[in-house]
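**Student:** This is work30.txt, which holds compact mmCIF, C-alpha atoms and all ligand atoms:
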```txt
# COMPACT_ATOMS: atom_id res chain seq x y z
CA MET A 2 24.70 16.53 -10.66
CA THR A 3 21.44 15.13 -12.02
CA ALA A 4 19.29 12.98 -9.73
CA PRO A 5 19.75 9.23 -10.24
CA LEU A 6 17.06 7.34 -12.10
CA SER A 7 16.82 4.67 -9.39
CA ILE A 8 17.85 4.46 -5.73
CA PHE A 9 17.44 2.09 -2.79
CA LYS A 10 15.33 3.49 0.03
CA CYS A 11 14.72 1.96 3.44
CA ILE A 12 11.08 1.03 3.99
CA GLU A 13 11.38 2.02 7.65
CA CYS A 14 13.69 5.05 8.06
CA SER A 15 13.76 6.23 4.41
CA LYS A 16 17.57 6.34 4.28
CA GLU A 17 18.73 6.25 0.67
CA TYR A 18 21.54 4.26 -0.94
CA ASP A 19 23.16 4.13 -4.36
CA ILE A 20 21.39 1.61 -6.58
CA ARG A 21 24.73 0.01 -7.48
CA ASP A 22 25.54 -0.78 -3.84
CA ILE A 23 25.35 -4.48 -3.12
CA ARG A 24 23.08 -4.42 -0.11
CA TYR A 25 19.76 -5.91 0.86
CA ARG A 26 19.03 -4.12 4.12
CA CYS A 27 19.39 -0.63 5.50
CA ASP A 28 21.91 0.09 8.24
CA CYS A 29 18.87 0.11 10.57
CA GLY A 30 18.21 -3.52 9.61
CA HIS A 31 15.00 -3.10 7.62
CA LEU A 32 14.50 -4.04 3.98
CA LEU A 33 15.10 -1.68 1.09
CA GLU A 34 12.79 -0.75 -1.73
CA VAL A 35 13.87 0.35 -5.20
CA ILE A 36 12.51 3.78 -6.10
CA HIS A 37 12.65 4.97 -9.71
CA ASP A 38 12.10 8.47 -10.96
CA LEU A 39 9.26 7.40 -13.24
CA ASN A 40 8.84 10.98 -14.46
CA ILE A 41 12.14 10.51 -16.26
CA SER A 42 11.60 6.99 -17.59
CA ILE A 43 7.92 7.62 -18.45
CA PRO A 44 7.66 11.38 -19.13
CA ASN A 45 4.19 11.02 -20.66
CA ALA A 46 2.15 8.21 -19.15
CA GLY A 47 -0.58 8.45 -21.80
CA ASP A 48 1.93 8.07 -24.63
CA TRP A 49 3.66 5.20 -22.85
CA LYS A 50 0.40 3.35 -22.29
CA ALA A 51 -0.64 3.89 -25.92
CA SER A 52 2.71 2.58 -27.16
CA LEU A 53 2.44 -0.75 -25.31
CA ASP A 54 -0.10 -2.39 -27.62
CA GLY A 55 2.32 -2.00 -30.51
CA ARG A 56 5.10 -3.68 -28.53
CA MET A 57 3.55 -7.12 -28.11
CA GLY A 58 6.36 -8.65 -30.20
CA GLU A 59 8.84 -7.74 -27.46
CA THR A 60 9.50 -9.95 -24.45
CA ALA A 61 7.45 -8.68 -21.49
CA PHE A 62 10.42 -7.42 -19.46
CA PHE A 63 11.58 -5.19 -22.32
CA ARG A 64 8.05 -3.99 -23.03
CA TYR A 65 7.45 -2.87 -19.46
CA GLN A 66 11.04 -2.04 -18.54
CA ASP A 67 10.44 1.70 -18.18
CA ILE A 68 8.26 1.02 -15.14
CA LEU A 69 9.98 -2.18 -13.96
CA PHE A 70 13.63 -1.25 -13.80
CA PRO A 71 14.67 1.54 -16.16
CA SER A 72 18.24 1.71 -14.77
CA LEU A 73 19.15 -1.73 -16.08
CA PRO A 74 21.18 -1.41 -19.30
CA LYS A 75 19.49 -3.34 -22.10
CA GLU A 76 22.73 -5.08 -23.12
CA SER A 77 22.97 -6.72 -19.68
CA ILE A 78 19.50 -8.26 -19.79
CA ILE A 79 19.38 -12.05 -19.65
CA SER A 80 15.92 -13.13 -20.75
CA LEU A 81 14.58 -16.64 -21.32
CA GLN A 82 11.43 -15.18 -22.89
CA GLU A 83 9.51 -15.15 -19.65
CA GLY A 84 6.11 -13.50 -19.43
CA ASP A 85 3.12 -13.12 -21.72
CA THR A 86 1.49 -15.84 -19.66
CA PRO A 87 -2.15 -16.80 -20.24
CA LEU A 88 -5.01 -15.10 -18.45
CA TYR A 89 -7.73 -17.75 -18.42
CA ASP A 90 -11.31 -16.56 -18.08
CA ILE A 91 -13.23 -19.27 -16.21
CA SER A 92 -16.23 -17.08 -15.38
CA HIS A 93 -18.64 -19.38 -17.25
CA ARG A 94 -17.85 -22.11 -14.69
CA PHE A 95 -18.23 -19.76 -11.75
CA PRO A 96 -21.37 -17.67 -12.24
CA GLU A 97 -21.29 -16.64 -8.58
CA PHE A 98 -18.54 -14.18 -9.47
CA GLY A 99 -18.84 -11.12 -11.69
CA SER A 100 -15.84 -12.61 -13.46
CA LEU A 101 -13.10 -15.00 -12.44
CA LYS A 102 -9.76 -15.02 -14.24
CA LEU A 103 -6.60 -17.03 -13.61
CA LYS A 104 -3.21 -15.49 -14.43
CA HIS A 105 -1.07 -18.56 -15.02
CA GLU A 106 2.50 -17.75 -14.04
CA GLY A 107 3.30 -21.46 -14.22
CA MET A 108 3.55 -20.98 -17.98
CA ASN A 109 6.94 -19.28 -17.66
CA PRO A 110 10.20 -20.92 -18.84
CA THR A 111 10.99 -22.63 -15.52
CA LEU A 112 7.28 -23.12 -14.82
CA SER A 113 6.87 -20.54 -12.06
CA PHE A 114 6.53 -16.78 -11.52
CA LYS A 115 10.10 -16.66 -10.22
CA ASP A 116 11.34 -16.09 -13.78
CA ARG A 117 9.79 -12.63 -13.63
CA GLY A 118 12.06 -11.71 -10.75
CA MET A 119 15.15 -13.47 -12.05
CA VAL A 120 15.18 -11.64 -15.37
CA ALA A 121 15.68 -8.49 -13.27
CA GLY A 122 17.86 -9.99 -10.53
CA VAL A 123 20.26 -12.06 -12.62
CA SER A 124 20.49 -9.34 -15.27
CA TRP A 125 21.41 -6.84 -12.56
CA ALA A 126 23.99 -9.28 -11.17
CA ASN A 127 25.32 -9.58 -14.71
CA ASP A 128 25.56 -5.80 -15.04
CA LEU A 129 27.33 -5.56 -11.67
CA GLY A 130 29.79 -8.22 -12.83
CA CYS A 131 28.88 -10.75 -10.09
CA LYS A 132 30.39 -14.17 -10.68
CA HIS A 133 28.43 -16.04 -7.98
CA VAL A 134 24.73 -15.80 -7.19
CA ILE A 135 22.92 -17.67 -4.45
CA CYS A 136 19.48 -18.28 -2.98
CA ALA A 137 17.72 -20.36 -0.37
CA SER A 138 14.61 -21.91 -1.78
CA THR A 139 11.56 -24.11 -1.46
CA GLY A 140 12.31 -25.14 -5.04
CA ASP A 141 11.03 -22.52 -7.48
CA THR A 142 13.39 -19.63 -6.80
CA SER A 143 16.26 -22.10 -7.08
CA ALA A 144 15.03 -23.45 -10.42
CA ALA A 145 14.66 -19.97 -11.87
CA MET A 146 17.95 -18.67 -10.50
CA ALA A 147 19.80 -21.75 -11.73
CA ALA A 148 18.37 -21.31 -15.24
CA TYR A 149 19.08 -17.59 -15.57
CA ALA A 150 22.55 -17.86 -14.01
CA GLY A 151 23.23 -20.77 -16.36
CA ALA A 152 22.44 -18.48 -19.28
CA VAL A 153 25.18 -16.01 -18.25
CA PRO A 154 28.72 -16.91 -19.31
CA ASN A 155 30.95 -17.27 -16.24
CA MET A 156 28.20 -16.96 -13.66
CA GLN A 157 27.78 -19.77 -11.11
CA GLY A 158 24.49 -20.31 -9.30
CA ILE A 159 24.46 -21.82 -5.81
CA VAL A 160 21.23 -23.04 -4.23
CA LEU A 161 20.46 -24.00 -0.64
CA LEU A 162 17.51 -26.34 -0.33
CA PRO A 163 15.73 -27.77 2.72
CA LYS A 164 16.63 -31.45 2.34
CA GLY A 165 13.72 -33.68 1.39
CA LYS A 166 11.20 -30.82 1.38
CA ILE A 167 11.09 -29.90 -2.31
CA SER A 168 9.64 -31.87 -5.20
CA PRO A 169 11.84 -34.13 -7.37
CA GLU A 170 11.04 -31.99 -10.42
CA GLN A 171 12.23 -28.84 -8.68
CA LEU A 172 15.41 -30.57 -7.54
CA ALA A 173 16.03 -31.77 -11.08
CA GLN A 174 15.72 -28.22 -12.38
CA ALA A 175 18.44 -26.84 -10.09
CA ILE A 176 20.77 -29.70 -10.96
CA THR A 177 20.20 -29.73 -14.71
CA TYR A 178 20.55 -25.97 -15.08
CA GLY A 179 23.98 -26.35 -13.51
CA ALA A 180 23.63 -24.82 -10.05
CA ARG A 181 25.80 -26.03 -7.19
CA THR A 182 23.06 -27.62 -5.16
CA VAL A 183 23.28 -28.06 -1.40
CA GLY A 184 20.62 -29.91 0.59
CA ILE A 185 20.51 -28.77 4.21
CA GLU A 186 18.98 -30.69 7.10
CA THR A 187 16.62 -27.89 8.05
CA ASP A 188 13.51 -26.13 6.78
CA PHE A 189 13.29 -23.13 4.42
CA ASP A 190 13.55 -20.63 7.27
CA GLY A 191 16.79 -22.34 8.38
CA CYS A 192 18.20 -22.13 4.83
CA MET A 193 17.19 -18.47 4.63
CA LYS A 194 19.03 -17.67 7.85
CA LEU A 195 22.15 -19.43 6.61
CA VAL A 196 22.17 -17.71 3.22
CA GLN A 197 21.99 -14.30 4.91
CA GLU A 198 24.93 -15.17 7.17
CA LEU A 199 26.95 -16.41 4.21
CA THR A 200 26.33 -13.38 1.98
CA GLU A 201 27.21 -10.99 4.82
CA LYS A 202 30.63 -12.62 4.95
CA HIS A 203 31.39 -13.49 1.30
CA SER A 204 30.86 -11.56 -1.91
CA ILE A 205 28.18 -13.80 -3.34
CA TYR A 206 25.13 -11.99 -4.71
CA LEU A 207 21.91 -12.90 -2.89
CA LEU A 208 18.87 -13.44 -5.10
CA ASN A 209 16.10 -14.18 -2.65
CA SER A 210 13.20 -11.73 -2.75
CA MET A 211 14.71 -9.76 0.12
CA ASN A 212 16.86 -8.45 -2.74
CA SER A 213 14.50 -5.68 -3.81
CA VAL A 214 15.75 -5.71 -7.41
CA ARG A 215 13.90 -9.01 -7.87
CA ILE A 216 10.68 -7.42 -6.65
CA GLU A 217 10.96 -4.92 -9.51
CA GLY A 218 10.84 -7.73 -12.06
CA GLN A 219 7.88 -9.39 -10.35
CA LYS A 220 5.85 -6.18 -10.68
CA ALA A 221 5.34 -7.30 -14.29
CA ILE A 222 2.78 -9.92 -13.22
CA GLY A 223 0.15 -7.38 -12.13
CA ILE A 224 1.05 -4.88 -14.86
CA GLU A 225 0.82 -7.45 -17.65
CA THR A 226 -2.50 -8.75 -16.26
CA LEU A 227 -4.00 -5.26 -16.36
CA HIS A 228 -2.64 -4.71 -19.87
CA GLN A 229 -4.36 -7.97 -20.91
CA MET A 230 -7.56 -6.63 -19.34
CA ASN A 231 -7.23 -3.40 -21.30
CA TRP A 232 -6.47 -1.63 -17.99
CA LYS A 233 -9.87 -2.43 -16.50
CA VAL A 234 -9.05 -2.96 -12.85
CA PRO A 235 -10.67 -5.99 -11.16
CA ASP A 236 -12.14 -5.69 -7.69
CA TRP A 237 -9.69 -8.23 -6.30
CA PHE A 238 -6.30 -9.80 -6.89
CA VAL A 239 -5.85 -13.02 -4.89
CA ILE A 240 -2.35 -14.45 -4.42
CA PRO A 241 -0.69 -17.21 -2.36
CA VAL A 242 1.79 -15.99 0.26
CA GLY A 243 4.96 -17.65 1.53
CA ASN A 244 7.98 -15.41 2.05
CA ALA A 245 5.68 -12.49 1.08
CA GLY A 246 7.80 -11.08 -1.75
CA ASN A 247 5.28 -11.60 -4.51
CA ILE A 248 2.37 -9.87 -2.80
CA SER A 249 4.73 -6.98 -2.10
CA ALA A 250 5.70 -6.85 -5.79
CA LEU A 251 2.08 -6.99 -6.90
CA GLY A 252 1.18 -4.08 -4.64
CA LYS A 253 4.16 -1.96 -5.65
CA GLY A 254 3.49 -2.38 -9.38
CA LEU A 255 -0.18 -1.53 -9.02
CA ARG A 256 0.62 1.51 -6.88
CA GLU A 257 3.01 2.80 -9.49
CA LEU A 258 0.46 2.32 -12.28
CA TYR A 259 -2.03 4.28 -10.21
CA GLU A 260 0.45 7.06 -9.44
CA LEU A 261 1.20 7.38 -13.16
CA GLY A 262 -2.53 7.63 -13.90
CA ILE A 263 -2.45 4.45 -16.05
CA ILE A 264 -5.22 2.97 -13.91
CA ASP A 265 -7.90 4.97 -12.17
CA LYS A 266 -8.75 2.77 -9.21
CA LEU A 267 -7.05 0.32 -6.90
CA PRO A 268 -8.15 -3.29 -6.54
CA ARG A 269 -8.26 -5.01 -3.15
CA LEU A 270 -5.59 -7.60 -2.36
CA ALA A 271 -6.17 -10.96 -0.72
CA GLY A 272 -3.21 -13.04 0.41
CA VAL A 273 -3.79 -16.72 1.18
CA GLN A 274 -1.71 -19.16 3.24
CA THR A 275 -2.10 -22.74 4.43
CA GLN A 276 -3.45 -23.23 7.92
CA GLY A 277 -0.22 -24.89 9.03
CA ALA A 278 2.03 -22.10 7.75
CA SER A 279 0.08 -18.93 8.33
CA PRO A 280 2.12 -16.31 10.20
CA LEU A 281 0.80 -13.48 8.00
CA TYR A 282 -2.78 -14.67 8.46
CA LYS A 283 -2.37 -14.76 12.24
CA SER A 284 -0.83 -11.30 12.24
CA TYR A 285 -3.70 -9.99 10.06
CA LYS A 286 -6.22 -11.44 12.52
CA ASN A 287 -4.38 -9.55 15.22
CA GLY A 288 -4.50 -6.19 13.41
CA TYR A 289 -0.92 -6.69 12.15
CA ALA A 290 0.25 -6.08 15.71
CA GLU A 291 3.33 -8.24 15.21
CA LEU A 292 4.79 -11.13 13.25
CA ILE A 293 5.12 -14.21 15.41
CA PRO A 294 7.44 -16.57 13.51
CA GLN A 295 6.25 -20.16 13.65
CA LYS A 296 7.61 -23.56 12.79
CA ALA A 297 5.78 -24.07 9.49
CA LYS A 298 3.94 -27.39 9.33
CA PRO A 299 4.37 -29.74 6.35
CA THR A 300 1.88 -29.03 3.59
CA LYS A 301 1.22 -30.16 0.02
CA ALA A 302 1.83 -26.49 -0.80
CA SER A 303 5.48 -27.07 0.01
CA ALA A 304 6.70 -23.92 -1.75
CA ILE A 305 4.92 -21.80 0.87
CA GLN A 306 5.86 -23.86 3.92
CA ILE A 307 7.41 -20.79 5.50
CA GLY A 308 7.07 -19.66 9.11
CA ASP A 309 9.09 -16.45 9.17
CA PRO A 310 8.41 -14.46 5.98
CA VAL A 311 11.29 -12.12 5.19
CA SER A 312 9.12 -9.57 3.35
CA TYR A 313 6.46 -9.45 6.08
CA GLN A 314 6.77 -5.71 6.64
CA LYS A 315 6.51 -4.88 2.93
CA ALA A 316 3.51 -7.16 2.55
CA VAL A 317 1.70 -5.54 5.47
CA GLY A 318 2.33 -2.11 3.95
CA GLU A 319 0.79 -3.21 0.64
CA LEU A 320 -2.13 -5.01 2.29
CA GLN A 321 -2.98 -1.89 4.24
CA HIS A 322 -2.64 0.32 1.16
CA PHE A 323 -4.99 -1.92 -0.83
CA ASN A 324 -7.58 -2.53 1.90
CA GLY A 325 -6.39 -6.09 1.80
CA ILE A 326 -7.21 -9.21 3.74
CA VAL A 327 -5.52 -12.52 4.49
CA GLU A 328 -7.16 -15.96 4.47
CA ALA A 329 -5.94 -19.46 5.36
CA VAL A 330 -7.06 -22.78 3.88
CA SER A 331 -6.83 -26.45 4.87
CA GLU A 332 -4.99 -29.25 3.07
CA THR A 333 -8.31 -30.74 1.91
CA GLU A 334 -9.52 -27.42 0.56
CA LEU A 335 -6.35 -26.73 -1.38
CA MET A 336 -6.02 -30.22 -2.87
CA ASP A 337 -9.72 -30.45 -3.78
CA TRP A 338 -9.49 -27.12 -5.59
CA LYS A 339 -6.30 -28.15 -7.31
CA ALA A 340 -8.13 -31.19 -8.71
CA GLN A 341 -11.07 -29.11 -9.87
CA ILE A 342 -8.95 -26.51 -11.68
CA ASP A 343 -6.65 -29.17 -13.18
CA LYS A 344 -9.74 -30.80 -14.64
CA LEU A 345 -10.53 -27.62 -16.57
CA GLY A 346 -7.33 -28.29 -18.52
CA ILE A 347 -5.39 -25.76 -16.46
CA SER A 348 -2.64 -27.57 -14.57
CA ILE A 349 -1.84 -25.78 -11.33
CA CYS A 350 0.45 -26.40 -8.38
CA PRO A 351 -0.76 -26.85 -4.79
CA ASN A 352 0.53 -23.37 -3.90
CA SER A 353 -1.59 -21.81 -6.61
CA SER A 354 -4.61 -23.78 -5.48
CA VAL A 355 -4.19 -22.23 -2.04
CA ALA A 356 -5.17 -18.96 -3.71
CA VAL A 357 -8.05 -20.59 -5.60
CA ALA A 358 -9.39 -22.22 -2.42
CA GLY A 359 -9.03 -18.91 -0.59
CA THR A 360 -10.97 -17.13 -3.34
CA ILE A 361 -13.88 -19.56 -3.04
CA LYS A 362 -13.80 -19.32 0.75
CA LEU A 363 -13.89 -15.51 0.61
CA ARG A 364 -16.75 -15.64 -1.87
CA ASP A 365 -18.68 -18.10 0.32
CA ALA A 366 -18.16 -15.76 3.27
CA GLU A 367 -19.44 -12.91 1.07
CA ILE A 368 -16.27 -10.93 1.58
CA ILE A 369 -15.84 -11.15 -2.17
CA LYS A 370 -19.27 -9.96 -3.26
CA VAL A 371 -21.45 -11.37 -6.00
CA ASN A 372 -20.67 -9.61 -9.30
CA GLU A 373 -17.16 -8.66 -8.24
CA ASP A 374 -14.34 -9.23 -10.71
CA VAL A 375 -11.51 -11.38 -9.41
CA VAL A 376 -8.06 -12.29 -10.74
CA VAL A 377 -6.23 -15.16 -9.05
CA ILE A 378 -2.47 -15.35 -9.51
CA LEU A 379 -1.39 -18.94 -10.17
CA THR A 380 2.27 -19.14 -9.26
CA ALA A 381 3.58 -22.43 -10.68
CA HIS A 382 2.67 -25.29 -12.99
CA GLY A 383 1.17 -28.54 -11.74
CA SER A 384 3.88 -30.54 -13.47
CA LYS A 385 6.40 -29.39 -10.88
CA PHE A 386 4.50 -31.20 -8.15
CA SER A 387 3.43 -34.49 -9.71
CA ASN A 388 3.79 -36.52 -6.49
CA ALA A 389 1.13 -34.40 -4.81
CA SER A 390 -1.24 -34.99 -7.73
CA VAL A 391 -0.64 -38.72 -7.98
CA GLU A 392 -1.04 -39.25 -4.23
CA TYR A 393 -4.31 -37.31 -4.25
CA HIS A 394 -5.82 -39.20 -7.17
CA GLU A 395 -4.68 -42.64 -5.96
CA ASP A 396 -6.59 -42.19 -2.70
CA SER A 397 -10.22 -42.97 -3.44
CA SER A 398 -11.36 -41.23 -0.27
CA ASN A 399 -10.54 -37.88 -1.88
CA THR A 400 -13.61 -36.17 -3.33
CA PHE A 401 -12.25 -35.67 -6.86
CA ALA A 402 -9.92 -38.69 -7.04
CA ASN A 403 -9.38 -40.16 -10.51
CA GLN A 404 -7.78 -43.49 -9.70
CA THR A 405 -5.77 -45.41 -12.26
CA LYS A 406 -6.64 -49.08 -12.76
CA THR A 407 -4.17 -51.87 -13.45
CA ILE A 408 -5.20 -54.94 -15.48
CA ASP A 409 -3.68 -57.99 -17.13
CA PRO A 410 -3.03 -57.53 -20.87
CA SER A 411 -6.28 -59.04 -22.20
CA LEU A 412 -9.06 -57.50 -24.28
CA HIS A 413 -11.62 -58.89 -21.88
CA SER A 414 -10.06 -57.19 -18.87
CA LEU A 415 -9.81 -53.95 -20.81
CA GLU A 416 -13.49 -54.11 -21.74
CA MET A 417 -14.40 -54.88 -18.14
CA VAL A 418 -12.42 -52.00 -16.71
CA LEU A 419 -13.89 -49.60 -19.30
CA ASP A 420 -17.43 -50.92 -18.66
CA LEU A 421 -17.84 -51.84 -22.37
N1 LIG B 501 3.90 -20.01 -5.09
C1 LIG B 501 5.01 -20.68 -5.45
C2 LIG B 501 4.87 -21.72 -6.51
C3 LIG B 501 6.24 -20.39 -4.85
O1 LIG B 501 7.32 -21.05 -5.23
C4 LIG B 501 6.30 -19.40 -3.85
C5 LIG B 501 7.56 -19.09 -3.18
C6 LIG B 501 5.13 -18.72 -3.53
C7 LIG B 501 3.94 -19.05 -4.16
C8 LIG B 501 5.10 -17.64 -2.51
O2 LIG B 501 5.71 -16.46 -2.97
O3 LIG B 501 7.42 -16.28 -1.20
O4 LIG B 501 6.92 -14.37 -2.70
O5 LIG B 501 5.28 -15.08 -0.98
N2 LIG B 501 8.61 -19.77 -3.31
C9 LIG B 501 9.92 -19.39 -2.77
C10 LIG B 501 10.97 -20.31 -3.34
C11 LIG B 501 9.95 -19.24 -1.32
O6 LIG B 501 12.03 -20.47 -2.74
O7 LIG B 501 10.76 -20.87 -4.42
P1 LIG B 501 6.38 -15.48 -1.91
```
Please re-express this file's structure in structure tokens.
Ligand code: F0G

**Tutor:**
Amino acid sequence: MTAPLSIFKCIECSKEYDIRDIRYRCDCGHLLEVIHDLNISIPNAGDWKASLDGRMGETAFFRYQDILFPSLPKESIISLQEGDTPLYDISHRFPEFGSLKLKHEGMNPTLSFKDRGMVAGVSWANDLGCKHVICASTGDTSAAMAAYAGAVPNMQGIVLLPKGKISPEQLAQAITYGARTVGIETDFDGCMKLVQELTEKHSIYLLNSMNSVRIEGQKAIGIETLHQMNWKVPDWFVIPVGNAGNISALGKGLRELYELGIIDKLPRLAGVQTQGASPLYKSYKNGYAELIPQKAKPTKASAIQIGDPVSYQKAVGELQHFNGIVEAVSETELMDWKAQIDKLGISICPNSSVAVAGTIKLRDAEIIKVNEDVVVILTAHGSKFSNASVEYHEDSSNTFANQTKTIDPSLHSLEMVLDL
């Protein structure tokens, strides 16, 4: 019998499972990782790399599929044309960096990076013949899952949301894409616990990032960025961290590129959290001795208001592999940096600005050195979080507030308000 192209492998005890098993954890309780035999899917890395430039007409998932998830049959793939997101070079505004680039994952079909994972996860569910898919969410996973499940005939999405803790735009996405939407009087960690209990009991396919198939799709973010940079590896990738799936995906994709010899050095990773929801940061400060789950405090970066990150162990593995660090930022820092990046014409969400604020903080502390090249992963579009923006700009005490003015409908008043 020939070896399978892809398997599940436990990140703790290395026990292996069939890739077509529906399971998210090993019998020992730890998370699984998908391992592909990349020597089969990419027999000649040089040829594969050379072929990519000629494949820009293909949707990103198809272009990179040989490294992302080669076992997924092409006919099962449900794509909404995610990927090929902009990589903005804002170095001219930030001369204190060697270069500073923003990979804008908010420019995906449902306006967040979650589409990268759902093209893999929902397509795999489709191939397995799953009729029901589910996730707990702070609003972006649910939007993406609802959209991709909606695109599959006879597939029903179900989303569990912490009631009152996601933005109206995110809620509208889940509803309009047709997901059965349940608000639960708890926080994200409470929803996450419940969804795990439910999927242990009922055959409903779980599409949170603890499903390692989703992580395979999210590897595309780092891989596509490096392709856009002509495979010149930056010194740093900086990324916001909530449930810690995306930093795990970033690390895994970069590791695989390195193992294939597509890139010749590894960047460093920096994960950034808010000060009120910073279990990974606290663990980092403590030498990763242990994860102490916390009750995450409310934050404008509501998508990362998470106190018990499911992919903690994977994230720590990647951070250690990439000589990584973890930073935490305040509400003022993250909202002030959101305003400053928005004003460049690049609309970002408060979760993304956590990473921007962290980047500046690390540069100020000279951990990121002058002349180092940095890529910040922006995870969602500002338009998904308009309340946070409006509240910031209406409060004149905020440093970068751009208050609206209301006048009576007269030319005189208009001239007055415009100082004409
Ligand atoms: N940024 C945004 C916009 C997010 O929606 C999330 C996570 C993250 C960053 C953090 O990524 O969890 O992989 O570390 N949102 C999840 C959700 C939890 O349900 O939408 P992570």

**Student:** Using only C-alpha atoms, can you tell me which of A:Arg94, A:Asp265, A:Val375, A:Tyr149 comes closest to Pro110 (chain A)?

**Tutor:**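 Ranked by minimum distance to Pro110 (chain A), first place goes to A:Tyr149.
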
**Student:** Record the distance separating CA of Gly252 (chain A) and CA of Ile326 (chain A), expressed in Å with one decimal.

**Tutor:**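 Taking CA of Gly252 (chain A) and CA of Ile326 (chain A), their separation equals 12.9 Å.
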
**Student:** Counting all atoms listed in the file, which residues come within 7 Å of (-2.3, -16.9, -18.3), with the point read in the file's coordinates, and could you list them as a PyMOL selection string?

**Tutor:** chain A and resi 86-89+103-106

**Student:** Anything within 8 Å of (-2.9, 3.4, -1.5): list those residues as a list in words, counting all atoms listed in the file and sticking to the file's coordinates.

**Tutor:** Arg256, Leu267, Glu319, Gln321, His322 and Phe323 of chain A

**Student:** Counting all atoms listed in the file, what are the residues, protein, DNA or RNA alike, that approach ligand LIG 501 (chain B) to within 9 Å? I want them as a compact mmCIF listing (two decimals) with C-alpha atoms, in the frame of the given file.

**Tutor:**
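Saved the output as result-v1.txt:
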```
# COMPACT_ATOMS: atom_id res chain seq x y z
CA GLU A 106 2.50 -17.75 -14.04
CA GLY A 107 3.30 -21.46 -14.22
CA LEU A 112 7.28 -23.12 -14.82
CA SER A 113 6.87 -20.54 -12.06
CA PHE A 114 6.53 -16.78 -11.52
CA LYS A 115 10.10 -16.66 -10.22
CA CYS A 136 19.48 -18.28 -2.98
CA ALA A 137 17.72 -20.36 -0.37
CA SER A 138 14.61 -21.91 -1.78
CA THR A 139 11.56 -24.11 -1.46
CA GLY A 140 12.31 -25.14 -5.04
CA ASP A 141 11.03 -22.52 -7.48
CA THR A 142 13.39 -19.63 -6.80
CA SER A 143 16.26 -22.10 -7.08
CA ALA A 144 15.03 -23.45 -10.42
CA ALA A 145 14.66 -19.97 -11.87
CA LEU A 162 17.51 -26.34 -0.33
CA PHE A 189 13.29 -23.13 4.42
CA ASN A 209 16.10 -14.18 -2.65
CA SER A 210 13.20 -11.73 -2.75
CA ILE A 216 10.68 -7.42 -6.65
CA ILE A 240 -2.35 -14.45 -4.42
CA PRO A 241 -0.69 -17.21 -2.36
CA VAL A 242 1.79 -15.99 0.26
CA GLY A 243 4.96 -17.65 1.53
CA ASN A 244 7.98 -15.41 2.05
CA ALA A 245 5.68 -12.49 1.08
CA GLY A 246 7.80 -11.08 -1.75
CA ASN A 247 5.28 -11.60 -4.51
CA ILE A 248 2.37 -9.87 -2.80
CA SER A 249 4.73 -6.98 -2.10
CA ALA A 250 5.70 -6.85 -5.79
CA GLY A 272 -3.21 -13.04 0.41
CA ALA A 302 1.83 -26.49 -0.80
CA SER A 303 5.48 -27.07 0.01
CA ALA A 304 6.70 -23.92 -1.75
CA ILE A 305 4.92 -21.80 0.87
CA GLN A 306 5.86 -23.86 3.92
CA ILE A 307 7.41 -20.79 5.50
CA PRO A 310 8.41 -14.46 5.98
CA VAL A 311 11.29 -12.12 5.19
CA SER A 312 9.12 -9.57 3.35
CA ALA A 316 3.51 -7.16 2.55
CA CYS A 350 0.45 -26.40 -8.38
CA PRO A 351 -0.76 -26.85 -4.79
CA ASN A 352 0.53 -23.37 -3.90
CA SER A 353 -1.59 -21.81 -6.61
CA VAL A 355 -4.19 -22.23 -2.04
CA LEU A 379 -1.39 -18.94 -10.17
CA THR A 380 2.27 -19.14 -9.26
CA ALA A 381 3.58 -22.43 -10.68
CA HIS A 382 2.67 -25.29 -12.99
CA LYS A 385 6.40 -29.39 -10.88
```

**Student:** Taking 5 positions as the minimum chain separation for residues in the same chain, which residues sit within 12 Å of Ile176 (chain A) when counting all atoms listed in the file? Answer as a ChimeraX atom specification.

**Tutor:** /A:140,143-148,151,158-162,169-171,181-184
